[in-house]
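Coordinates as given in coords-v1.cif (mmCIF, C-alpha atoms):
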```cif
data_input
loop_
_atom_site.label_atom_id
_atom_site.label_comp_id
_atom_site.auth_asym_id
_atom_site.auth_seq_id
_atom_site.Cartn_x
_atom_site.Cartn_y
_atom_site.Cartn_z
CA MET J 1 119.07 56.44 103.57
CA GLU J 2 115.68 57.39 102.30
CA LYS J 3 114.88 60.10 99.76
CA THR J 4 117.83 62.44 99.26
CA THR J 5 117.17 66.05 98.38
CA LYS J 6 119.54 68.39 96.55
CA ALA J 7 120.83 71.26 98.64
CA LYS J 8 121.15 74.86 97.50
CA PHE J 9 124.54 76.12 98.68
CA SER J 10 125.70 79.79 98.72
CA ASN J 11 127.52 82.60 100.60
CA LEU J 12 130.63 80.75 101.72
CA CYS J 13 132.71 82.84 104.13
CA LYS J 14 134.97 82.72 107.17
CA ASN J 15 133.25 83.26 110.53
CA CYS J 16 134.42 84.72 113.85
CA MET J 17 135.66 81.29 115.03
CA GLY J 18 137.97 81.08 112.03
CA THR J 19 136.02 78.23 110.43
CA ALA J 20 133.68 78.24 107.43
CA SER J 21 130.09 79.46 107.32
CA PHE J 22 127.65 79.11 104.43
CA ASP J 23 124.00 79.36 103.55
CA LEU J 24 122.16 76.13 102.82
CA GLN J 25 118.58 75.41 101.84
CA ILE J 26 117.12 71.93 101.68
CA GLU J 27 113.64 70.57 101.26
CA GLY J 28 111.30 71.82 103.96
CA MET J 29 113.11 75.13 104.49
CA ARG J 30 111.29 78.33 103.53
CA LYS J 31 114.58 80.14 102.99
CA PRO J 32 118.30 79.40 103.33
CA GLN J 33 119.82 79.25 106.81
CA GLU J 34 123.38 80.16 107.77
CA PHE J 35 125.36 77.14 108.93
CA VAL J 36 128.66 77.16 110.75
CA VAL J 37 131.20 74.35 110.36
CA TYR J 38 132.41 73.06 113.71
CA PRO J 39 136.21 73.25 114.19
CA ILE J 40 137.96 70.08 113.00
CA GLN J 41 140.41 69.24 115.77
CA GLU J 42 143.30 66.78 115.56
CA THR J 43 141.12 64.15 117.26
CA ASN J 44 138.22 64.62 114.80
CA ASP J 45 137.72 62.84 111.50
CA ALA J 46 138.00 65.34 108.62
CA ASP J 47 135.76 63.09 106.47
CA LYS J 48 132.65 63.99 108.48
CA ILE J 49 132.01 67.61 109.36
CA HIS J 50 129.39 68.86 111.78
CA ILE J 51 127.31 71.85 110.76
CA GLN J 52 124.79 73.86 112.76
CA SER J 53 122.36 76.71 112.23
CA ASP J 54 120.00 78.29 114.72
CA HIS J 55 117.36 75.68 113.95
CA ARG J 56 119.11 72.61 112.51
CA TYR J 57 122.12 70.37 113.09
CA GLY J 58 123.70 68.09 110.54
CA ILE J 59 126.61 65.90 109.57
CA LEU J 60 128.12 66.09 106.08
CA ASP J 61 130.40 63.49 104.48
CA THR J 62 133.14 65.49 102.75
CA ASN J 63 133.97 62.62 100.40
CA THR J 64 130.50 62.02 98.96
CA GLY J 65 128.67 65.30 99.64
CA LYS J 66 125.82 63.40 101.33
CA GLY J 67 124.54 64.53 104.68
CA ARG J 68 121.82 64.10 107.22
CA MET J 69 120.12 66.98 109.00
CA SER J 70 117.73 67.26 111.91
CA ALA J 71 114.20 68.48 111.49
CA ASN J 72 113.48 72.11 112.32
CA LYS J 73 113.74 72.96 116.03
CA ASN J 74 112.73 76.29 117.55
CA GLN J 75 116.21 77.02 118.88
CA TYR J 76 119.61 75.37 119.18
CA ALA J 77 119.37 72.02 117.48
CA ASN J 78 122.27 69.71 118.43
CA SER J 79 123.63 66.20 117.90
CA PHE J 80 121.24 64.75 120.47
CA PHE J 81 118.27 66.24 118.61
CA LEU J 82 119.63 64.79 115.34
CA ALA J 83 119.73 61.34 116.98
CA ILE J 84 116.10 61.77 118.08
CA CYS J 85 115.11 62.80 114.54
CA GLU J 86 116.89 59.74 113.11
CA ALA J 87 115.02 57.45 115.53
CA LYS J 88 111.67 59.08 114.67
CA GLY J 89 112.38 59.08 110.93
CA THR J 90 112.17 62.88 110.66
CA ALA J 91 115.83 63.50 109.77
CA VAL J 92 116.36 64.82 106.25
CA ASP J 93 118.97 63.41 103.86
CA PHE J 94 120.57 65.90 101.49
CA GLU J 95 123.37 66.04 98.95
CA LEU J 96 125.64 68.81 97.70
CA THR J 97 126.63 68.96 94.06
CA GLN J 98 130.22 67.92 93.34
CA LEU J 99 131.15 71.51 92.49
CA ASP J 100 129.69 72.85 95.76
CA LEU J 101 131.37 70.06 97.71
CA GLN J 102 134.78 70.74 96.17
CA THR J 103 134.37 74.49 96.80
CA LEU J 104 133.50 73.83 100.45
CA ARG J 105 136.41 71.41 100.92
CA MET J 106 138.92 73.87 99.46
CA PHE J 107 137.60 76.69 101.64
CA ILE J 108 137.70 74.57 104.82
CA PHE J 109 141.27 73.60 103.92
CA THR J 110 142.25 77.29 103.93
CA THR J 111 140.85 77.78 107.45
CA ALA J 112 143.15 75.20 109.08
CA LYS J 113 145.07 76.53 112.06
CA LYS J 114 145.94 75.41 115.55
CA LEU J 115 144.78 77.59 118.43
CA ALA J 116 145.67 80.93 116.95
CA GLY J 117 143.30 83.39 115.46
CA ASP J 118 142.45 86.89 114.43
CA ASN J 119 140.24 87.61 117.45
CA CYS J 120 139.52 86.34 120.96
CA ILE J 121 137.00 83.71 119.78
CA SER J 122 139.06 82.06 117.03
CA MET J 123 142.13 82.13 119.28
CA TYR J 124 140.71 79.16 121.22
CA CYS J 125 139.36 77.11 118.30
CA ASP J 126 141.60 74.23 117.26
CA ASN J 127 140.82 73.74 113.56
CA SER J 128 144.13 72.02 112.79
CA ASN J 129 142.73 68.84 111.23
CA ALA J 130 140.98 70.85 108.52
CA ILE J 131 144.29 70.54 106.66
CA ASN J 132 143.42 66.87 106.07
CA ILE J 133 140.04 67.52 104.46
CA LEU J 134 141.54 67.18 100.98
CA ASN J 135 143.01 63.74 101.75
CA GLY J 136 139.66 62.03 101.18
CA SER J 137 138.68 60.18 98.04
CA MET J 138 137.21 62.53 95.46
#
```

What would the structure in this file look like if it were written as C-alpha cells?
Amino acid sequence: MEKTTKAKFSNLCKNCMGTASFDLQIEGMRKPQEFVVYPIQETNDADKIHIQSDHRYGILDTNTGKGRMSANKNQYANSFFLAICEAKGTAVDFELTQLDLQTLRMFIFTTAKKLAGDNCISMYCDNSNAINILNGSM
C-alpha cells in the first residue's frame, strides 16, 4: 500500500436494508459521503466488508481498520471500478482510528439477522454473518 490517509468517520446508523450506514471523508473528498455496508452473508468473510456510496466503492479490513477505496466516479462506483483504479494507481488507501473501527464493528454486530427485517427491503437481506465480525483479532 502507498500513502494511507486518516478517515473522518461519523453518523453511524441503521439503513433500510438493516445494515449499517455511516458518513466517511477521506483525502480528496470535498465533504463526507454516506456509505452503506453491504450485507455480510454466511458465505462472506466478516473480516473484509464492502462499502459503497453514490460515487465510491471500497473494502475495509475490520481487523486492522485499513481500507482501499476507488477514485471518485460520477455515479455508481462498484468493485470492477475499484479494480480499475487499483490497476491505474488511483485507488486511495485509508485507515480508521481504533475507536472508530471498534464502534463500527460493534454496530455491525448488532445488525446481524438472517432474512428477516423491519420492512420489505431488509426482509430479503441476509446479514447473518455479521455476528462473526467480533471474532477477528483486535

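When all atoms listed in the file are used to compute distances to Pro39 in chain J, the closest of the residues J:Leu134, J:Leu82, J:Thr103, J:Ile108 turns out to be J:Ile108.
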
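Nearest-residue note for Asn127 in chain J: choosing from J:Ala20, J:Ala7, J:Ala112, J:Val37, the minimum distance belongs to J:Ala112, counting only C-alpha atoms.
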
Distance of CA of Lys6 in chain J from CA of Gln25 in chain J, expressed in Å to one decimal place: 8.8 Å

Close residues, His55 in chain J itself excluded, 6 Å, only C-alpha atoms, min 3 positions apart in chain, as a PyMOL selection string: chain J and resi 72-77

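Between CA of Gln41 in chain J and CA of Leu101 in chain J there is a distance of 20.2 Å.
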
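Pairwise distance (CA of Asp61 in chain J, CA of Ile49 in chain J) equals 6.6 Å.
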
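Nearest-residue note for Ser79 in chain J: choosing from J:Lys66, J:Lys31, J:Lys113, J:His50, the minimum distance belongs to J:His50, counting only C-alpha atoms.
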
Write out as an mmCIF file with C-alpha atoms, in the frame of the given file which residues come within 12 Å of Gly28 in chain J when counting all atoms listed in the file, dropping same-chain ones fewer than 3 positions away.
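Final output, saved to around_33.cif:
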```cif
data_model
loop_
_atom_site.group_PDB
_atom_site.id
_atom_site.type_symbol
_atom_site.label_atom_id
_atom_site.label_comp_id
_atom_site.auth_asym_id
_atom_site.auth_seq_id
_atom_site.Cartn_x
_atom_site.Cartn_y
_atom_site.Cartn_z
ATOM 1 C CA THR J 5 117.170 66.050 98.380
ATOM 2 C CA LYS J 6 119.540 68.390 96.550
ATOM 3 C CA ALA J 7 120.830 71.260 98.640
ATOM 4 C CA LEU J 24 122.160 76.130 102.820
ATOM 5 C CA GLN J 25 118.580 75.410 101.840
ATOM 6 C CA LYS J 31 114.580 80.140 102.990
ATOM 7 C CA PRO J 32 118.300 79.400 103.330
ATOM 8 C CA GLN J 33 119.820 79.250 106.810
ATOM 9 C CA ARG J 56 119.110 72.610 112.510
ATOM 10 C CA MET J 69 120.120 66.980 109.000
ATOM 11 C CA SER J 70 117.730 67.260 111.910
ATOM 12 C CA ALA J 71 114.200 68.480 111.490
ATOM 13 C CA ASN J 72 113.480 72.110 112.320
ATOM 14 C CA THR J 90 112.170 62.880 110.660
ATOM 15 C CA ALA J 91 115.830 63.500 109.770
ATOM 16 C CA VAL J 92 116.360 64.820 106.250
ATOM 17 C CA ASP J 93 118.970 63.410 103.860
ATOM 18 C CA PHE J 94 120.570 65.900 101.490
#
```

Please expand the PyMOL selection byres ((chain J and resi 51) around 8) into the concrete residues it hits in this file, giving the result as a PDB file with C-alpha atoms, in the coordinates of the input.
```pdb
ATOM      1  CA  PHE J  35     125.360  77.140 108.930  1.00  0.00           C
ATOM      2  CA  VAL J  36     128.660  77.160 110.750  1.00  0.00           C
ATOM      3  CA  VAL J  37     131.200  74.350 110.360  1.00  0.00           C
ATOM      4  CA  TYR J  38     132.410  73.060 113.710  1.00  0.00           C
ATOM      5  CA  ILE J  49     132.010  67.610 109.360  1.00  0.00           C
ATOM      6  CA  HIS J  50     129.390  68.860 111.780  1.00  0.00           C
ATOM      7  CA  GLN J  52     124.790  73.860 112.760  1.00  0.00           C
ATOM      8  CA  SER J  53     122.360  76.710 112.230  1.00  0.00           C
ATOM      9  CA  TYR J  57     122.120  70.370 113.090  1.00  0.00           C
ATOM     10  CA  GLY J  58     123.700  68.090 110.540  1.00  0.00           C
ATOM     11  CA  ILE J  59     126.610  65.900 109.570  1.00  0.00           C
ATOM     12  CA  LEU J  60     128.120  66.090 106.080  1.00  0.00           C
TER      13      LEU J  60
END
```

Proximity to Asn11 in chain J - best of J:Leu104, J:Ala46, J:Cys85, J:Leu99, only C-alpha atoms: J:Leu104

Contacts of Gln102 in chain J within 12 Å, all atoms listed in the file, excl. fewer than 5 positions in-chain, as a list in words: Phe9, Asp61, Thr62, Asn63, Thr64, Gly65, Leu96, Thr97, Phe107, Ile108, Phe109, Ile133, Leu134, Gly136, Ser137 and Met138 of chain J

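Candidate residues J:Ser128, J:Asp47, J:Arg30, J:Thr111 were compared for distance to Cys13 in chain J, and the nearest is J:Thr111, using all atoms listed in the file.
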
Got a moment to write range 33-67 of chain J out with N, CA and C atoms, as a PDB file, in the first residue's frame?
```
ATOM      1  N   GLN J  33     -19.230  11.588   2.539  1.00  0.00           N
ATOM      2  CA  GLN J  33     -20.243  10.880   1.756  1.00  0.00           C
ATOM      3  C   GLN J  33     -20.845   9.789   2.622  1.00  0.00           C
ATOM      4  N   GLU J  34     -22.121   9.481   2.390  1.00  0.00           N
ATOM      5  CA  GLU J  34     -22.769   8.400   3.125  1.00  0.00           C
ATOM      6  C   GLU J  34     -22.439   7.070   2.459  1.00  0.00           C
ATOM      7  N   PHE J  35     -21.921   6.149   3.253  1.00  0.00           N
ATOM      8  CA  PHE J  35     -21.582   4.808   2.778  1.00  0.00           C
ATOM      9  C   PHE J  35     -22.507   3.793   3.420  1.00  0.00           C
ATOM     10  N   VAL J  36     -22.878   2.798   2.646  1.00  0.00           N
ATOM     11  CA  VAL J  36     -23.669   1.691   3.148  1.00  0.00           C
ATOM     12  C   VAL J  36     -22.757   0.467   3.217  1.00  0.00           C
ATOM     13  N   VAL J  37     -22.932  -0.339   4.258  1.00  0.00           N
ATOM     14  CA  VAL J  37     -22.185  -1.586   4.400  1.00  0.00           C
ATOM     15  C   VAL J  37     -22.996  -2.683   3.729  1.00  0.00           C
ATOM     16  N   TYR J  38     -22.389  -3.390   2.797  1.00  0.00           N
ATOM     17  CA  TYR J  38     -23.069  -4.497   2.135  1.00  0.00           C
ATOM     18  C   TYR J  38     -23.428  -5.557   3.174  1.00  0.00           C
ATOM     19  N   PRO J  39     -24.546  -6.282   2.984  1.00  0.00           N
ATOM     20  CA  PRO J  39     -24.889  -7.373   3.908  1.00  0.00           C
ATOM     21  C   PRO J  39     -23.768  -8.414   3.941  1.00  0.00           C
ATOM     22  N   ILE J  40     -23.505  -8.943   5.120  1.00  0.00           N
ATOM     23  CA  ILE J  40     -22.461  -9.952   5.298  1.00  0.00           C
ATOM     24  C   ILE J  40     -23.150 -11.306   5.423  1.00  0.00           C
ATOM     25  N   GLN J  41     -23.241 -12.020   4.316  1.00  0.00           N
ATOM     26  CA  GLN J  41     -23.941 -13.299   4.281  1.00  0.00           C
ATOM     27  C   GLN J  41     -23.083 -14.400   4.863  1.00  0.00           C
ATOM     28  N   GLU J  42     -23.687 -15.563   5.078  1.00  0.00           N
ATOM     29  CA  GLU J  42     -22.955 -16.706   5.635  1.00  0.00           C
ATOM     30  C   GLU J  42     -21.753 -17.067   4.790  1.00  0.00           C
ATOM     31  N   THR J  43     -21.823 -16.864   3.481  1.00  0.00           N
ATOM     32  CA  THR J  43     -20.721 -17.229   2.584  1.00  0.00           C
ATOM     33  C   THR J  43     -19.654 -16.146   2.492  1.00  0.00           C
ATOM     34  N   ASN J  44     -19.887 -14.975   3.087  1.00  0.00           N
ATOM     35  CA  ASN J  44     -18.918 -13.878   3.043  1.00  0.00           C
ATOM     36  C   ASN J  44     -17.989 -13.922   4.250  1.00  0.00           C
ATOM     37  N   ASP J  45     -16.806 -13.366   4.060  1.00  0.00           N
ATOM     38  CA  ASP J  45     -15.829 -13.226   5.124  1.00  0.00           C
ATOM     39  C   ASP J  45     -16.147 -11.959   5.919  1.00  0.00           C
ATOM     40  N   ALA J  46     -16.371 -12.090   7.218  1.00  0.00           N
ATOM     41  CA  ALA J  46     -16.707 -10.923   8.049  1.00  0.00           C
ATOM     42  C   ALA J  46     -15.487 -10.036   8.305  1.00  0.00           C
ATOM     43  N   ASP J  47     -14.286 -10.495   7.931  1.00  0.00           N
ATOM     44  CA  ASP J  47     -13.079  -9.695   8.147  1.00  0.00           C
ATOM     45  C   ASP J  47     -12.920  -8.583   7.120  1.00  0.00           C
ATOM     46  N   LYS J  48     -13.560  -8.712   5.982  1.00  0.00           N
ATOM     47  CA  LYS J  48     -13.495  -7.693   4.932  1.00  0.00           C
ATOM     48  C   LYS J  48     -14.923  -7.294   4.594  1.00  0.00           C
ATOM     49  N   ILE J  49     -15.247  -6.016   4.830  1.00  0.00           N
ATOM     50  CA  ILE J  49     -16.580  -5.549   4.490  1.00  0.00           C
ATOM     51  C   ILE J  49     -16.512  -4.650   3.265  1.00  0.00           C
ATOM     52  N   HIS J  50     -17.560  -4.676   2.487  1.00  0.00           N
ATOM     53  CA  HIS J  50     -17.656  -3.865   1.280  1.00  0.00           C
ATOM     54  C   HIS J  50     -18.551  -2.677   1.594  1.00  0.00           C
ATOM     55  N   ILE J  51     -18.079  -1.497   1.210  1.00  0.00           N
ATOM     56  CA  ILE J  51     -18.832  -0.271   1.463  1.00  0.00           C
ATOM     57  C   ILE J  51     -19.003   0.477   0.147  1.00  0.00           C
ATOM     58  N   GLN J  52     -20.120   1.198   0.023  1.00  0.00           N
ATOM     59  CA  GLN J  52     -20.379   1.912  -1.219  1.00  0.00           C
ATOM     60  C   GLN J  52     -21.163   3.188  -0.946  1.00  0.00           C
ATOM     61  N   SER J  53     -20.767   4.242  -1.647  1.00  0.00           N
ATOM     62  CA  SER J  53     -21.529   5.494  -1.650  1.00  0.00           C
ATOM     63  C   SER J  53     -22.003   5.710  -3.091  1.00  0.00           C
ATOM     64  N   ASP J  54     -22.581   6.855  -3.353  1.00  0.00           N
ATOM     65  CA  ASP J  54     -23.006   7.144  -4.722  1.00  0.00           C
ATOM     66  C   ASP J  54     -21.826   7.264  -5.679  1.00  0.00           C
ATOM     67  N   HIS J  55     -20.659   7.635  -5.153  1.00  0.00           N
ATOM     68  CA  HIS J  55     -19.529   7.925  -6.027  1.00  0.00           C
ATOM     69  C   HIS J  55     -18.282   7.078  -5.788  1.00  0.00           C
ATOM     70  N   ARG J  56     -18.268   6.280  -4.734  1.00  0.00           N
ATOM     71  CA  ARG J  56     -17.069   5.495  -4.413  1.00  0.00           C
ATOM     72  C   ARG J  56     -17.443   4.110  -3.903  1.00  0.00           C
ATOM     73  N   TYR J  57     -16.498   3.181  -4.065  1.00  0.00           N
ATOM     74  CA  TYR J  57     -16.661   1.810  -3.594  1.00  0.00           C
ATOM     75  C   TYR J  57     -15.381   1.437  -2.863  1.00  0.00           C
ATOM     76  N   GLY J  58     -15.499   0.738  -1.758  1.00  0.00           N
ATOM     77  CA  GLY J  58     -14.299   0.368  -1.028  1.00  0.00           C
ATOM     78  C   GLY J  58     -14.426  -0.934  -0.281  1.00  0.00           C
ATOM     79  N   ILE J  59     -13.295  -1.412   0.178  1.00  0.00           N
ATOM     80  CA  ILE J  59     -13.212  -2.610   1.003  1.00  0.00           C
ATOM     81  C   ILE J  59     -12.446  -2.228   2.257  1.00  0.00           C
ATOM     82  N   LEU J  60     -12.991  -2.617   3.423  1.00  0.00           N
ATOM     83  CA  LEU J  60     -12.410  -2.264   4.710  1.00  0.00           C
ATOM     84  C   LEU J  60     -12.103  -3.528   5.488  1.00  0.00           C
ATOM     85  N   ASP J  61     -10.870  -3.644   5.977  1.00  0.00           N
ATOM     86  CA  ASP J  61     -10.472  -4.764   6.827  1.00  0.00           C
ATOM     87  C   ASP J  61     -10.925  -4.455   8.251  1.00  0.00           C
ATOM     88  N   THR J  62     -11.824  -5.263   8.793  1.00  0.00           N
ATOM     89  CA  THR J  62     -12.389  -4.987  10.113  1.00  0.00           C
ATOM     90  C   THR J  62     -11.456  -5.385  11.246  1.00  0.00           C
ATOM     91  N   ASN J  63     -10.323  -5.972  10.944  1.00  0.00           N
ATOM     92  CA  ASN J  63      -9.340  -6.283  11.985  1.00  0.00           C
ATOM     93  C   ASN J  63      -8.327  -5.158  12.153  1.00  0.00           C
ATOM     94  N   THR J  64      -7.940  -4.528  11.047  1.00  0.00           N
ATOM     95  CA  THR J  64      -6.896  -3.509  11.101  1.00  0.00           C
ATOM     96  C   THR J  64      -7.433  -2.088  10.952  1.00  0.00           C
ATOM     97  N   GLY J  65      -8.606  -1.935  10.345  1.00  0.00           N
ATOM     98  CA  GLY J  65      -9.153  -0.603  10.092  1.00  0.00           C
ATOM     99  C   GLY J  65      -8.620   0.020   8.818  1.00  0.00           C
ATOM    100  N   LYS J  66      -7.812  -0.732   8.061  1.00  0.00           N
ATOM    101  CA  LYS J  66      -7.261  -0.225   6.804  1.00  0.00           C
ATOM    102  C   LYS J  66      -8.176  -0.610   5.657  1.00  0.00           C
ATOM    103  N   GLY J  67      -8.296   0.303   4.715  1.00  0.00           N
ATOM    104  CA  GLY J  67      -9.156   0.048   3.572  1.00  0.00           C
ATOM    105  C   GLY J  67      -8.609   0.650   2.308  1.00  0.00           C
TER     106      GLY J  67
END
```
